[in-house]
Every structure is written in C-alpha cells, then in structure tokens.
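The file run_36.cif contains mmCIF, C-alpha atoms and all ligand atoms:
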data_upload
loop_
_atom_site.label_atom_id
_atom_site.label_comp_id
_atom_site.auth_asym_id
_atom_site.auth_seq_id
_atom_site.Cartn_x
_atom_site.Cartn_y
_atom_site.Cartn_z
CA MET A 1130 92.65 -41.74 127.14
CA ASP A 1131 93.45 -43.98 124.17
CA PHE A 1132 93.58 -41.40 121.39
CA ILE A 1133 94.33 -38.02 122.97
CA GLN A 1134 97.60 -36.96 124.54
CA TYR A 1135 97.82 -33.78 126.57
CA GLU A 1136 100.86 -32.02 127.92
CA VAL A 1137 101.41 -28.61 129.45
CA LYS A 1138 104.55 -26.57 128.81
CA GLY A 1139 104.50 -23.42 130.89
CA ALA A 1140 101.26 -21.65 130.04
CA VAL A 1141 100.76 -23.61 126.80
CA GLY A 1142 98.71 -26.80 126.53
CA ILE A 1143 99.38 -29.23 123.68
CA ILE A 1144 96.61 -31.61 122.60
CA THR A 1145 97.75 -34.37 120.23
CA ILE A 1146 95.25 -36.50 118.36
CA SER A 1147 96.94 -39.85 118.46
CA ARG A 1148 95.51 -42.59 116.29
CA GLU A 1149 98.46 -42.94 114.01
CA LYS A 1150 97.60 -46.28 112.39
CA ALA A 1151 94.49 -44.64 110.88
CA LEU A 1152 96.32 -41.36 110.17
CA ASN A 1153 94.52 -39.84 113.19
CA ALA A 1154 91.07 -40.23 111.59
CA LEU A 1155 88.22 -39.09 113.82
CA ASN A 1156 85.94 -41.86 115.04
CA SER A 1157 83.36 -41.40 117.80
CA LYS A 1158 85.83 -42.37 120.51
CA VAL A 1159 88.38 -39.78 119.35
CA LEU A 1160 85.67 -37.11 119.32
CA GLU A 1161 84.48 -38.07 122.82
CA GLU A 1162 88.02 -38.03 124.18
CA LEU A 1163 88.75 -34.67 122.57
CA ASP A 1164 85.60 -33.29 124.16
CA ALA A 1165 86.69 -34.59 127.57
CA ALA A 1166 90.25 -33.29 127.09
CA LEU A 1167 88.92 -29.78 126.41
CA ASP A 1168 86.75 -29.96 129.54
CA ALA A 1169 89.82 -30.92 131.57
CA VAL A 1170 92.03 -27.99 130.50
CA ASN A 1171 92.94 -25.92 133.55
CA LEU A 1172 92.22 -22.37 132.46
CA GLU A 1173 93.95 -20.91 135.52
CA GLU A 1174 97.22 -22.39 134.29
CA VAL A 1175 96.91 -22.63 130.49
CA ARG A 1176 96.57 -19.50 128.35
CA CYS A 1177 96.87 -20.91 124.84
CA LEU A 1178 96.34 -24.35 123.29
CA ILE A 1179 98.05 -26.09 120.37
CA LEU A 1180 96.22 -28.87 118.52
CA THR A 1181 98.28 -31.28 116.43
CA GLY A 1182 98.34 -34.87 115.15
CA ALA A 1183 100.66 -37.72 116.12
CA GLY A 1184 103.37 -38.83 113.70
CA GLU A 1185 105.01 -37.16 110.73
CA LYS A 1186 102.50 -37.97 108.02
CA SER A 1187 99.10 -36.77 109.09
CA PHE A 1188 97.39 -34.11 111.14
CA VAL A 1189 93.93 -35.69 110.77
CA ALA A 1190 92.91 -37.67 107.65
CA GLY A 1191 89.22 -36.96 108.16
CA ALA A 1192 86.25 -38.53 109.84
CA ASP A 1193 86.47 -42.30 110.09
CA ILE A 1194 85.21 -43.70 106.78
CA GLY A 1195 84.81 -47.22 108.20
CA GLU A 1196 82.54 -45.98 110.96
CA MET A 1197 80.54 -43.78 108.57
CA SER A 1198 80.14 -46.44 105.88
CA THR A 1199 77.09 -48.13 107.44
CA LEU A 1200 75.30 -45.14 108.95
CA THR A 1201 71.61 -44.51 108.32
CA LYS A 1202 70.29 -41.02 107.56
CA ALA A 1203 69.49 -40.40 111.25
CA GLU A 1204 72.83 -41.81 112.40
CA GLY A 1205 74.65 -39.69 109.82
CA GLU A 1206 72.98 -36.58 111.14
CA ALA A 1207 73.84 -37.58 114.72
CA PHE A 1208 77.47 -38.22 113.76
CA GLY A 1209 77.61 -34.78 112.13
CA LYS A 1210 76.22 -33.25 115.31
CA LYS A 1211 78.74 -35.11 117.44
CA GLY A 1212 81.63 -33.64 115.45
CA ASN A 1213 80.03 -30.22 115.18
CA ASP A 1214 79.46 -29.99 118.95
CA VAL A 1215 83.11 -30.73 119.73
CA PHE A 1216 84.39 -28.44 116.98
CA ARG A 1217 82.13 -25.65 118.19
CA LYS A 1218 83.49 -26.17 121.71
CA LEU A 1219 86.97 -25.74 120.24
CA GLU A 1220 85.96 -22.67 118.25
CA THR A 1221 84.39 -20.98 121.27
CA PHE A 1222 86.98 -22.28 123.75
CA PRO A 1223 87.81 -19.36 126.05
CA ILE A 1224 91.53 -19.28 125.17
CA PRO A 1225 93.12 -19.23 121.70
CA VAL A 1226 93.78 -22.53 119.92
CA ILE A 1227 96.50 -22.88 117.27
CA ALA A 1228 96.26 -25.77 114.80
CA ALA A 1229 99.78 -27.08 114.05
CA ILE A 1230 99.03 -29.06 110.88
CA ASN A 1231 101.71 -31.68 110.36
CA GLY A 1232 100.53 -33.51 107.23
CA PHE A 1233 97.15 -34.56 105.85
CA ALA A 1234 94.27 -32.28 106.85
CA LEU A 1235 91.48 -33.84 104.82
CA GLY A 1236 87.73 -33.70 105.36
CA GLY A 1237 87.19 -33.60 109.12
CA GLY A 1238 90.92 -32.82 109.46
CA CYS A 1239 90.64 -29.62 107.46
CA GLU A 1240 87.40 -28.90 109.33
CA ILE A 1241 88.87 -29.29 112.81
CA SER A 1242 91.75 -27.00 111.86
CA MET A 1243 89.23 -24.38 110.74
CA SER A 1244 87.59 -24.50 114.19
CA CYS A 1245 90.89 -23.31 115.65
CA ASP A 1246 91.76 -19.61 115.92
CA MET A 1247 94.68 -19.89 113.52
CA ARG A 1248 96.44 -22.46 111.42
CA ILE A 1249 100.13 -22.99 110.72
CA CYS A 1250 101.42 -26.02 108.83
CA SER A 1251 104.44 -28.03 107.77
CA ASP A 1252 105.58 -28.05 104.15
CA ASN A 1253 104.21 -31.60 103.65
CA ALA A 1254 100.68 -30.58 104.69
CA ILE A 1255 97.83 -31.37 102.30
CA PHE A 1256 94.39 -29.85 102.66
CA GLY A 1257 91.13 -30.82 101.07
CA GLN A 1258 87.46 -31.61 101.41
CA PRO A 1259 87.23 -34.96 99.57
CA GLU A 1260 83.68 -35.73 100.74
CA VAL A 1261 81.82 -35.48 97.42
CA GLY A 1262 84.14 -38.19 96.12
CA LEU A 1263 82.75 -40.41 98.89
CA GLY A 1264 79.13 -39.51 98.20
CA ILE A 1265 78.62 -37.12 101.13
CA THR A 1266 78.90 -33.43 101.94
CA PRO A 1267 81.46 -32.15 104.44
CA GLY A 1268 79.79 -32.85 107.78
CA PHE A 1269 81.84 -31.19 110.51
CA GLY A 1270 81.39 -27.56 109.45
CA GLY A 1271 83.37 -27.55 106.19
CA THR A 1272 80.67 -26.01 104.03
CA GLN A 1273 80.37 -23.15 106.52
CA ARG A 1274 83.85 -22.40 107.83
CA LEU A 1275 85.80 -22.86 104.57
CA ALA A 1276 83.58 -20.32 102.80
CA ARG A 1277 83.98 -17.87 105.67
CA LEU A 1278 87.76 -18.30 105.71
CA VAL A 1279 88.75 -18.32 102.04
CA GLY A 1280 85.62 -16.92 100.38
CA ALA A 1281 82.69 -18.71 98.80
CA GLY A 1282 84.25 -19.04 95.32
CA MET A 1283 87.42 -20.81 96.45
CA ALA A 1284 85.53 -22.90 99.03
CA LYS A 1285 83.06 -24.05 96.40
CA GLN A 1286 85.88 -24.96 94.03
CA MET A 1287 87.65 -27.02 96.69
CA ILE A 1288 84.47 -28.72 97.89
CA TYR A 1289 82.85 -29.41 94.48
CA THR A 1290 86.09 -30.70 92.90
CA ALA A 1291 87.28 -32.61 96.01
CA ARG A 1292 90.78 -31.58 94.85
CA ASN A 1293 93.49 -31.44 97.49
CA ILE A 1294 95.82 -28.48 97.79
CA LYS A 1295 99.38 -28.33 99.10
CA ALA A 1296 100.81 -26.05 101.76
CA PRO A 1297 101.91 -23.18 99.44
CA GLU A 1298 98.41 -22.92 97.94
CA ALA A 1299 96.85 -23.08 101.41
CA LEU A 1300 99.08 -20.15 102.34
CA ARG A 1301 98.19 -18.23 99.18
CA ILE A 1302 94.43 -18.51 99.75
CA GLY A 1303 94.71 -17.63 103.44
CA LEU A 1304 93.78 -21.03 104.84
CA VAL A 1305 97.02 -21.06 106.85
CA ASN A 1306 99.04 -18.18 108.28
CA ALA A 1307 102.51 -19.68 107.76
CA VAL A 1308 104.36 -22.73 106.45
CA TYR A 1309 107.40 -24.29 108.18
CA THR A 1310 109.59 -27.31 107.64
CA GLN A 1311 108.44 -30.38 109.56
CA GLU A 1312 111.18 -29.85 112.15
CA GLU A 1313 110.34 -26.18 112.61
CA LEU A 1314 106.56 -26.58 112.94
CA MET A 1315 106.14 -27.43 116.63
CA PRO A 1316 108.83 -24.99 117.85
CA ALA A 1317 107.10 -22.28 115.77
CA ALA A 1318 103.69 -23.23 117.21
CA GLU A 1319 105.08 -23.17 120.75
CA LYS A 1320 106.75 -19.80 120.15
CA LEU A 1321 103.52 -18.33 118.76
CA ALA A 1322 101.54 -19.77 121.68
CA ALA A 1323 104.06 -18.46 124.23
CA THR A 1324 103.89 -14.98 122.67
CA ILE A 1325 100.09 -15.03 123.03
CA ALA A 1326 100.33 -16.49 126.55
CA LYS A 1327 102.55 -13.60 127.70
CA ASN A 1328 99.81 -11.04 127.03
CA ALA A 1329 97.04 -10.17 129.48
CA PRO A 1330 94.87 -13.34 129.50
CA ILE A 1331 91.53 -11.66 130.16
CA ALA A 1332 92.19 -9.20 127.33
CA VAL A 1333 93.20 -12.01 124.94
CA ARG A 1334 90.09 -14.02 125.84
CA ASN A 1335 87.90 -10.94 125.34
CA CYS A 1336 89.53 -10.34 121.94
CA LYS A 1337 88.67 -13.90 120.88
CA LYS A 1338 85.09 -13.48 121.99
CA ALA A 1339 84.79 -10.05 120.35
CA ILE A 1340 86.13 -11.32 117.02
CA ASN A 1341 84.07 -14.53 117.02
CA ASP A 1342 80.81 -12.98 118.20
CA GLY A 1343 81.30 -9.87 116.09
CA LEU A 1344 81.74 -11.89 112.90
CA GLU A 1345 78.27 -13.35 113.48
CA ALA A 1346 76.65 -9.92 113.95
CA ASP A 1347 76.10 -6.86 111.77
CA MET A 1348 78.53 -3.98 112.32
CA ASP A 1349 76.21 -1.92 114.55
CA ASP A 1350 75.82 -4.84 116.95
CA ALA A 1351 79.41 -5.96 116.51
CA ILE A 1352 80.92 -2.72 117.76
CA VAL A 1353 78.65 -2.86 120.82
CA ILE A 1354 79.99 -6.38 121.51
CA GLU A 1355 83.49 -4.89 121.38
CA GLU A 1356 82.56 -1.93 123.61
CA LYS A 1357 81.30 -4.25 126.34
CA LEU A 1358 84.30 -6.56 126.25
CA PHE A 1359 86.64 -3.53 126.13
CA GLY A 1360 84.83 -2.11 129.18
CA ASP A 1361 85.12 -5.41 131.06
CA CYS A 1362 88.91 -5.22 130.85
CA PHE A 1363 88.90 -2.12 133.06
CA GLU A 1364 87.76 -4.28 135.96
CA SER A 1365 90.91 -6.39 135.71
CA GLU A 1366 94.08 -6.01 137.74
CA ASP A 1367 96.07 -6.80 134.61
CA GLN A 1368 94.73 -3.63 132.91
CA LYS A 1369 95.73 -1.54 135.92
CA TYR A 1370 99.17 -3.10 136.02
CA GLY A 1371 99.74 -3.00 132.22
CA MET A 1372 98.89 0.68 131.94
CA ALA A 1373 100.71 1.69 135.14
CA PHE A 1374 103.81 -0.12 133.83
CA PHE A 1375 103.65 1.86 130.59
CA LEU A 1376 103.15 5.18 132.38
CA ASP A 1377 105.94 4.59 134.92
CA LYS A 1378 109.01 6.29 133.45
CA ASN A 1379 111.49 4.23 135.50
CA LYS A 1380 113.39 2.49 132.68
CA GLU A 1381 115.07 0.02 135.07
CA LYS A 1382 111.94 -1.81 136.11
CA VAL A 1383 111.09 -5.24 134.71
CA LYS A 1384 107.61 -6.14 133.52
CA GLU A 1385 105.97 -8.76 135.74
CA PRO A 1386 103.88 -11.58 134.23
CA PHE A 1387 100.18 -10.81 133.97
CA GLN A 1388 98.15 -12.40 136.76
CA ASN A 1389 95.02 -13.48 134.87
CA LYS A 1390 92.98 -11.38 137.27
N1 LIG A 1401 89.00 -43.02 107.89
C1 LIG A 1401 89.38 -44.27 108.27
N2 LIG A 1401 90.62 -44.76 108.03
C2 LIG A 1401 91.49 -43.98 107.39
C3 LIG A 1401 91.16 -42.67 106.97
C4 LIG A 1401 89.86 -42.20 107.26
N3 LIG A 1401 89.45 -40.96 106.94
N4 LIG A 1401 92.24 -42.14 106.35
C5 LIG A 1401 93.20 -43.08 106.38
N5 LIG A 1401 92.75 -44.19 107.01
C6 LIG A 1401 93.48 -45.43 107.26
C7 LIG A 1401 93.57 -46.29 106.00
O1 LIG A 1401 92.38 -47.03 105.81
C8 LIG A 1401 94.77 -47.16 106.31
O2 LIG A 1401 94.37 -48.16 107.20
P1 LIG A 1401 94.93 -49.68 107.02
O3 LIG A 1401 96.41 -49.56 107.22
O4 LIG A 1401 94.23 -50.46 108.08
O5 LIG A 1401 94.59 -50.09 105.62
C9 LIG A 1401 95.67 -46.21 107.11
O6 LIG A 1401 94.84 -45.15 107.58
C10 LIG A 1401 96.76 -45.60 106.27
O7 LIG A 1401 96.14 -44.99 105.13
P2 LIG A 1401 96.59 -45.30 103.63
O8 LIG A 1401 97.16 -46.67 103.51
O9 LIG A 1401 95.43 -44.95 102.75
O10 LIG A 1401 97.76 -44.24 103.48
P3 LIG A 1401 98.24 -43.53 102.13
O11 LIG A 1401 99.49 -42.80 102.48
O12 LIG A 1401 98.25 -44.47 100.99
O13 LIG A 1401 97.08 -42.43 101.83
C11 LIG A 1401 95.54 -40.68 102.40
C12 LIG A 1401 96.87 -41.37 102.72
C13 LIG A 1401 95.65 -39.98 101.02
C14 LIG A 1401 95.27 -39.66 103.46
C15 LIG A 1401 94.43 -41.75 102.34
O14 LIG A 1401 94.49 -42.53 103.54
C16 LIG A 1401 93.06 -41.17 102.24
O15 LIG A 1401 92.65 -40.74 101.19
N6 LIG A 1401 92.30 -41.14 103.36
C17 LIG A 1401 90.94 -40.68 103.38
C18 LIG A 1401 90.87 -39.18 103.34
C19 LIG A 1401 89.44 -38.72 103.28
O16 LIG A 1401 88.71 -38.99 102.35
N7 LIG A 1401 89.02 -37.98 104.32
C20 LIG A 1401 87.70 -37.45 104.40
C21 LIG A 1401 86.80 -38.38 105.15
S1 LIG A 1401 85.11 -37.89 105.04
C22 LIG A 1401 84.90 -36.74 106.25
O17 LIG A 1401 85.82 -36.29 106.89
C23 LIG A 1401 83.48 -36.31 106.43
C24 LIG A 1401 83.26 -35.16 107.29
O18 LIG A 1401 83.38 -34.03 106.89
C25 LIG A 1401 82.77 -35.35 108.66
#

Translate this structure into structure tokens?
Ligand code: CAA
Amino acid sequence: MDFIQYEVKGAVGIITISREKALNALNSKVLEELDAALDAVNLEEVRCLILTGAGEKSFVAGADIGEMSTLTKAEGEAFGKKGNDVFRKLETFPIPVIAAINGFALGGGCEISMSCDMRICSDNAIFGQPEVGLGITPGFGGTQRLARLVGAGMAKQMIYTARNIKAPEALRIGLVNAVYTQEELMPAAEKLAATIAKNAPIAVRNCKKAINDGLEADMDDAIVIEEKLFGDCFESEDQKYGMAFFLDKNKEKVKEPFQNK
C-alpha cells in the first residue's frame, strides 16, 4: 500500500495513515487503502487497534481539497459515501479502535477520529470542522458524530464558526479522553490498547456492540441488546475461566491469558 502502514505489536495492531507531504489528507486512494487494511486485520491475533498519522505535525488534515475542488453534486455525494462507508466500518469494527491524534485533526481528520471508540491526543493537536469556510458541510459524518459526542450546542458552534480548538479545549468538551506530550502519545496509546487487549476479547467485543447499538436504540430496546450480548458471553470458555479463576482461592496461581474462545 502507498498510504497505509500496518504493524502488529503483540495483540495490538497499529494503522498509520501515511501521506505526510499532504499532512495525511484523505484522498480516494487513502480511503480505499484504509478500507482494505481494515479487511486484512487478523482478528484471531489482534484485539485492539490504534489509528494514527505519520509525522509529527498532523494526524489527518481533512479530506483532500484538491480532489474535492472539481466535484459535481453527484460526485460530491459519492465521495461523501466513500468516506462514510469506511468510517462506518471503523466505527463498527469488531474490536476497539483508539485514535492517537498527533497533530492536526481537521475536517475529515476530526471525523475519522470520531469514528474510533476513543480519542487521545498530543499537546500540539488541533481539532476543527473548517468545511463552511470552504463552502461545504462536513461530509464524513461530522454533523452527526460531533453533536453526539460533545452535544448539539458545542458541535454547532464549532461547525458554524469553523473555528479550530486546541488540545486542552478538546479535553474540556470531552472530544478527547486525555492529552499527552508528543513523545508520550504512542506509548500511552499502546499501553491503553494493551490493557484492553488483556481482557476477555469476546466480552470486550460484545461491550462495543452493546454500547454502539444501544446508543441508537431507546432504553427499552437497548437493555435487551445488552441482555443478549451478556448472555452470549456465557457460551465462551473465557467466561468459564475468568470466573473460575476468581472463585479459586489458591493465591499462588497465575492468571492465564484469555483464549478468545
Ligand atoms: N487537502 C489537500 N492538501 C492538503 C490538505 C487537505 N485537506 N491539508 C494540507 N494539505 C497540503 C497543502 O496543500 C500543502 O501542500 P503543498 O506542500 O503541495 O503546498 C501541504 O499539505 C502542507 O500544508 P500547508 O503548507 O498548508 O501547511 P501549514 O502548516 O501552513 O498549514 C494546515 C497546516 C493549517 C492544516 C493547512 O494545511 C490547512 O488548513 N489545511 C486544510 C485543512 C482543512 O480545511 N481541512 C478540511 C478539509 S474539508 C473536509 O475534510 C470535508 C469533509 O468533511 C469530508
């Protein structure tokens, strides 16, 4: 692939969007490669993903403005769908995805981070939805996910003003969970991912599905979604092992890794 790097460290997969000369802006090729990279993740081996950008300046500086500049109405809609389909794949990916935001997260960059399960960033990160300054709306889910994450009032302010915000403000409004120095960011992301990866994988995956699906349902339906996914766990060997380990009073024994079964 030209624009996506992928490496696996233990049970953690790291996807790096790598188009540094354009600050990792998302053109069609980047989106297609990201889609293919997600399809290629080995879910037997990898239990948590990290998504980041190449270089020290930018996570993703948005959708590619050069590519968008000549689109017709129909092509614009198709480009929006192309991004939305990949971002939705990321959002509903079976295992958790952590966005490690190492600089600019503008437009499509902010949007792709919001398709991840959680966001942590470096202290030089800058977030924003600058689209109305370019004569367009956010097109890769920004009008929907930003409002759901930080509330409609703050989302509308960010989107209507096209004003960027820095890492401390992103933390204050709940757009990111934590801010680190640039050097600390990837180690922190890997530590967070490894902590998640140590837990029972089927249970973690079911939690993701329960939270995501439940947020789209009313509470009566949402708790039924949880009941079913909770029930499913009792068919797993990891549940039997995890509970037996707790109930065994032998303090000398060492907890084995979960088997993903
Ligand atoms: N698309 C295409 N190219 C981009 C880009 C983008 N979104 N962002 C940066 N680049 C390119 C620049 O054109 C420049 O290329 P050249 O060296 O060939 O001239 C290179 O990356 C470096 O950028 P700058 O020289 O501009 O770097 P800077 O440090 O002066 O500024 C920046 C950095 C503030 C991020 C600035 O590049 C910028 O404002 N970028 C655009 C951000 C933006 O508006 N993003 C939203 C796009 S719209 C969108 O995403 C729609 C959607 O929802 C789907």

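Among A:Leu1160, A:Met1243, A:Leu1263, A:Ala1229, the residue with the shortest atom-to-atom distance to ligand LIG 1401 (chain A), counting all atoms listed in the file, is A:Leu1263.
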
Please return as a PyMOL selection string the residues found within 9 Å of ligand LIG 1401 (chain A), counting only C-alpha atoms and all ligand atoms. chain A and resi 1149-1156+1186-1187+1189-1197+1208-1209+1212-1213+1232-1240+1255+1257-1263+1265-1272

Export of the given selection (C-alpha atoms) as a PDB file, in the frame of the given file:
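Here's the written file part-v7.pdb:
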ATOM      1  CA  GLU A1149      98.460 -42.940 114.010  1.00  0.00           C
ATOM      2  CA  LYS A1150      97.600 -46.280 112.390  1.00  0.00           C
ATOM      3  CA  ALA A1151      94.490 -44.640 110.880  1.00  0.00           C
ATOM      4  CA  LEU A1152      96.320 -41.360 110.170  1.00  0.00           C
ATOM      5  CA  ASN A1153      94.520 -39.840 113.190  1.00  0.00           C
ATOM      6  CA  ALA A1154      91.070 -40.230 111.590  1.00  0.00           C
ATOM      7  CA  LEU A1155      88.220 -39.090 113.820  1.00  0.00           C
ATOM      8  CA  ASN A1156      85.940 -41.860 115.040  1.00  0.00           C
ATOM      9  CA  LYS A1186     102.500 -37.970 108.020  1.00  0.00           C
ATOM     10  CA  SER A1187      99.100 -36.770 109.090  1.00  0.00           C
ATOM     11  CA  VAL A1189      93.930 -35.690 110.770  1.00  0.00           C
ATOM     12  CA  ALA A1190      92.910 -37.670 107.650  1.00  0.00           C
ATOM     13  CA  GLY A1191      89.220 -36.960 108.160  1.00  0.00           C
ATOM     14  CA  ALA A1192      86.250 -38.530 109.840  1.00  0.00           C
ATOM     15  CA  ASP A1193      86.470 -42.300 110.090  1.00  0.00           C
ATOM     16  CA  ILE A1194      85.210 -43.700 106.780  1.00  0.00           C
ATOM     17  CA  GLY A1195      84.810 -47.220 108.200  1.00  0.00           C
ATOM     18  CA  GLU A1196      82.540 -45.980 110.960  1.00  0.00           C
ATOM     19  CA  MET A1197      80.540 -43.780 108.570  1.00  0.00           C
ATOM     20  CA  PHE A1208      77.470 -38.220 113.760  1.00  0.00           C
ATOM     21  CA  GLY A1209      77.610 -34.780 112.130  1.00  0.00           C
ATOM     22  CA  GLY A1212      81.630 -33.640 115.450  1.00  0.00           C
ATOM     23  CA  ASN A1213      80.030 -30.220 115.180  1.00  0.00           C
ATOM     24  CA  GLY A1232     100.530 -33.510 107.230  1.00  0.00           C
ATOM     25  CA  PHE A1233      97.150 -34.560 105.850  1.00  0.00           C
ATOM     26  CA  ALA A1234      94.270 -32.280 106.850  1.00  0.00           C
ATOM     27  CA  LEU A1235      91.480 -33.840 104.820  1.00  0.00           C
ATOM     28  CA  GLY A1236      87.730 -33.700 105.360  1.00  0.00           C
ATOM     29  CA  GLY A1237      87.190 -33.600 109.120  1.00  0.00           C
ATOM     30  CA  GLY A1238      90.920 -32.820 109.460  1.00  0.00           C
ATOM     31  CA  CYS A1239      90.640 -29.620 107.460  1.00  0.00           C
ATOM     32  CA  GLU A1240      87.400 -28.900 109.330  1.00  0.00           C
ATOM     33  CA  ILE A1255      97.830 -31.370 102.300  1.00  0.00           C
ATOM     34  CA  GLY A1257      91.130 -30.820 101.070  1.00  0.00           C
ATOM     35  CA  GLN A1258      87.460 -31.610 101.410  1.00  0.00           C
ATOM     36  CA  PRO A1259      87.230 -34.960  99.570  1.00  0.00           C
ATOM     37  CA  GLU A1260      83.680 -35.730 100.740  1.00  0.00           C
ATOM     38  CA  VAL A1261      81.820 -35.480  97.420  1.00  0.00           C
ATOM     39  CA  GLY A1262      84.140 -38.190  96.120  1.00  0.00           C
ATOM     40  CA  LEU A1263      82.750 -40.410  98.890  1.00  0.00           C
ATOM     41  CA  ILE A1265      78.620 -37.120 101.130  1.00  0.00           C
ATOM     42  CA  THR A1266      78.900 -33.430 101.940  1.00  0.00           C
ATOM     43  CA  PRO A1267      81.460 -32.150 104.440  1.00  0.00           C
ATOM     44  CA  GLY A1268      79.790 -32.850 107.780  1.00  0.00           C
ATOM     45  CA  PHE A1269      81.840 -31.190 110.510  1.00  0.00           C
ATOM     46  CA  GLY A1270      81.390 -27.560 109.450  1.00  0.00           C
ATOM     47  CA  GLY A1271      83.370 -27.550 106.190  1.00  0.00           C
ATOM     48  CA  THR A1272      80.670 -26.010 104.030  1.00  0.00           C
TER      49      THR A1272
END

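Between CA of Gly1371 (chain A) and CA of Lys1390 (chain A) the separation is 11.9 Å.
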
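The shortest atom-to-atom distance to Ser1198 (chain A), with all atoms listed in the file taken into account, belongs to A:Gly1264 out of A:Gly1139, A:Asp1349, A:Gly1264, A:Leu1178.
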
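For the choices A:Glu1345, A:Ala1329, A:Val1353, A:Arg1334, the atom-to-atom distance to Glu1385 (chain A) is smallest for A:Ala1329 when using all atoms listed in the file.
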
I need the residue nearest Ala1318 (chain A) from this list: A:Ala1291, A:Ile1179, A:Ile1340, A:Val1170. Use all atoms listed in the file for the distance. A:Ile1179

What separates CA of Arg1176 (chain A) and CA of Ile1331 (chain A) is a distance of 9.5 Å

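Each of A:Lys1382, A:Lys1295, A:Lys1327, A:Arg1148 was checked against Glu1162 (chain A) using all atoms listed in the file; the smallest atom-to-atom distance is that of A:Arg1148.
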
Which of A:Leu1278, A:Leu1314, A:Ala1296, A:Val1159 sits closest to Ala1228 (chain A) [using all atoms listed in the file]: A:Leu1314

Enumerate, as a ChimeraX atom specification, the protein, DNA and RNA residues whose atoms approach (87.7, -21.6, 121.8) to within 10 Å, taking into account only C-alpha atoms and the coordinate frame of the file. /A:1167,1177-1178,1216-1227,1244-1246,1334,1337-1338,1341

For the selection just defined, write its residues with C-alpha atoms to a file, as a PDB file, in the coordinates of the input.
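After the write, again38.pdb holds the following:
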ATOM      1  CA  LEU A1167      88.920 -29.780 126.410  1.00  0.00           C
ATOM      2  CA  CYS A1177      96.870 -20.910 124.840  1.00  0.00           C
ATOM      3  CA  LEU A1178      96.340 -24.350 123.290  1.00  0.00           C
ATOM      4  CA  PHE A1216      84.390 -28.440 116.980  1.00  0.00           C
ATOM      5  CA  ARG A1217      82.130 -25.650 118.190  1.00  0.00           C
ATOM      6  CA  LYS A1218      83.490 -26.170 121.710  1.00  0.00           C
ATOM      7  CA  LEU A1219      86.970 -25.740 120.240  1.00  0.00           C
ATOM      8  CA  GLU A1220      85.960 -22.670 118.250  1.00  0.00           C
ATOM      9  CA  THR A1221      84.390 -20.980 121.270  1.00  0.00           C
ATOM     10  CA  PHE A1222      86.980 -22.280 123.750  1.00  0.00           C
ATOM     11  CA  PRO A1223      87.810 -19.360 126.050  1.00  0.00           C
ATOM     12  CA  ILE A1224      91.530 -19.280 125.170  1.00  0.00           C
ATOM     13  CA  PRO A1225      93.120 -19.230 121.700  1.00  0.00           C
ATOM     14  CA  VAL A1226      93.780 -22.530 119.920  1.00  0.00           C
ATOM     15  CA  ILE A1227      96.500 -22.880 117.270  1.00  0.00           C
ATOM     16  CA  SER A1244      87.590 -24.500 114.190  1.00  0.00           C
ATOM     17  CA  CYS A1245      90.890 -23.310 115.650  1.00  0.00           C
ATOM     18  CA  ASP A1246      91.760 -19.610 115.920  1.00  0.00           C
ATOM     19  CA  ARG A1334      90.090 -14.020 125.840  1.00  0.00           C
ATOM     20  CA  LYS A1337      88.670 -13.900 120.880  1.00  0.00           C
ATOM     21  CA  LYS A1338      85.090 -13.480 121.990  1.00  0.00           C
ATOM     22  CA  ASN A1341      84.070 -14.530 117.020  1.00  0.00           C
TER      23      ASN A1341
END

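One finds CA of Val1279 (chain A) at 6.2 Å from CA of Gly1303 (chain A).
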
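For Asn1389 (chain A), the residues within 10 Å (counting all atoms listed in the file, excluding itself and residues fewer than 3 positions away along the chain) are Leu1172, Glu1173, Glu1174, Arg1176, Asn1328, Ala1329, Pro1330, Ile1331, Ala1332, Ser1365, Glu1366, Asp1367 and Pro1386 of chain A.
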
Around all listed atoms of region 1361-1364 of chain A, padded 8 Å per side, what centre and edge lengths does the axis-aligned box have in Å to one decimal, as AutoDock Vina command-line options?
--center_x 87.0 --center_y -3.8 --center_z 133.4 --size_x 19.8 --size_y 19.3 --size_z 21.1

Which protein, DNA or RNA residues have an atom at most 12 Å from (103.5, -28.9, 108.9), counting all atoms listed in the file? List them as a PyMOL selection string. chain A and resi 1181-1189+1228-1234+1248-1256+1295-1297+1299-1300+1305-1318
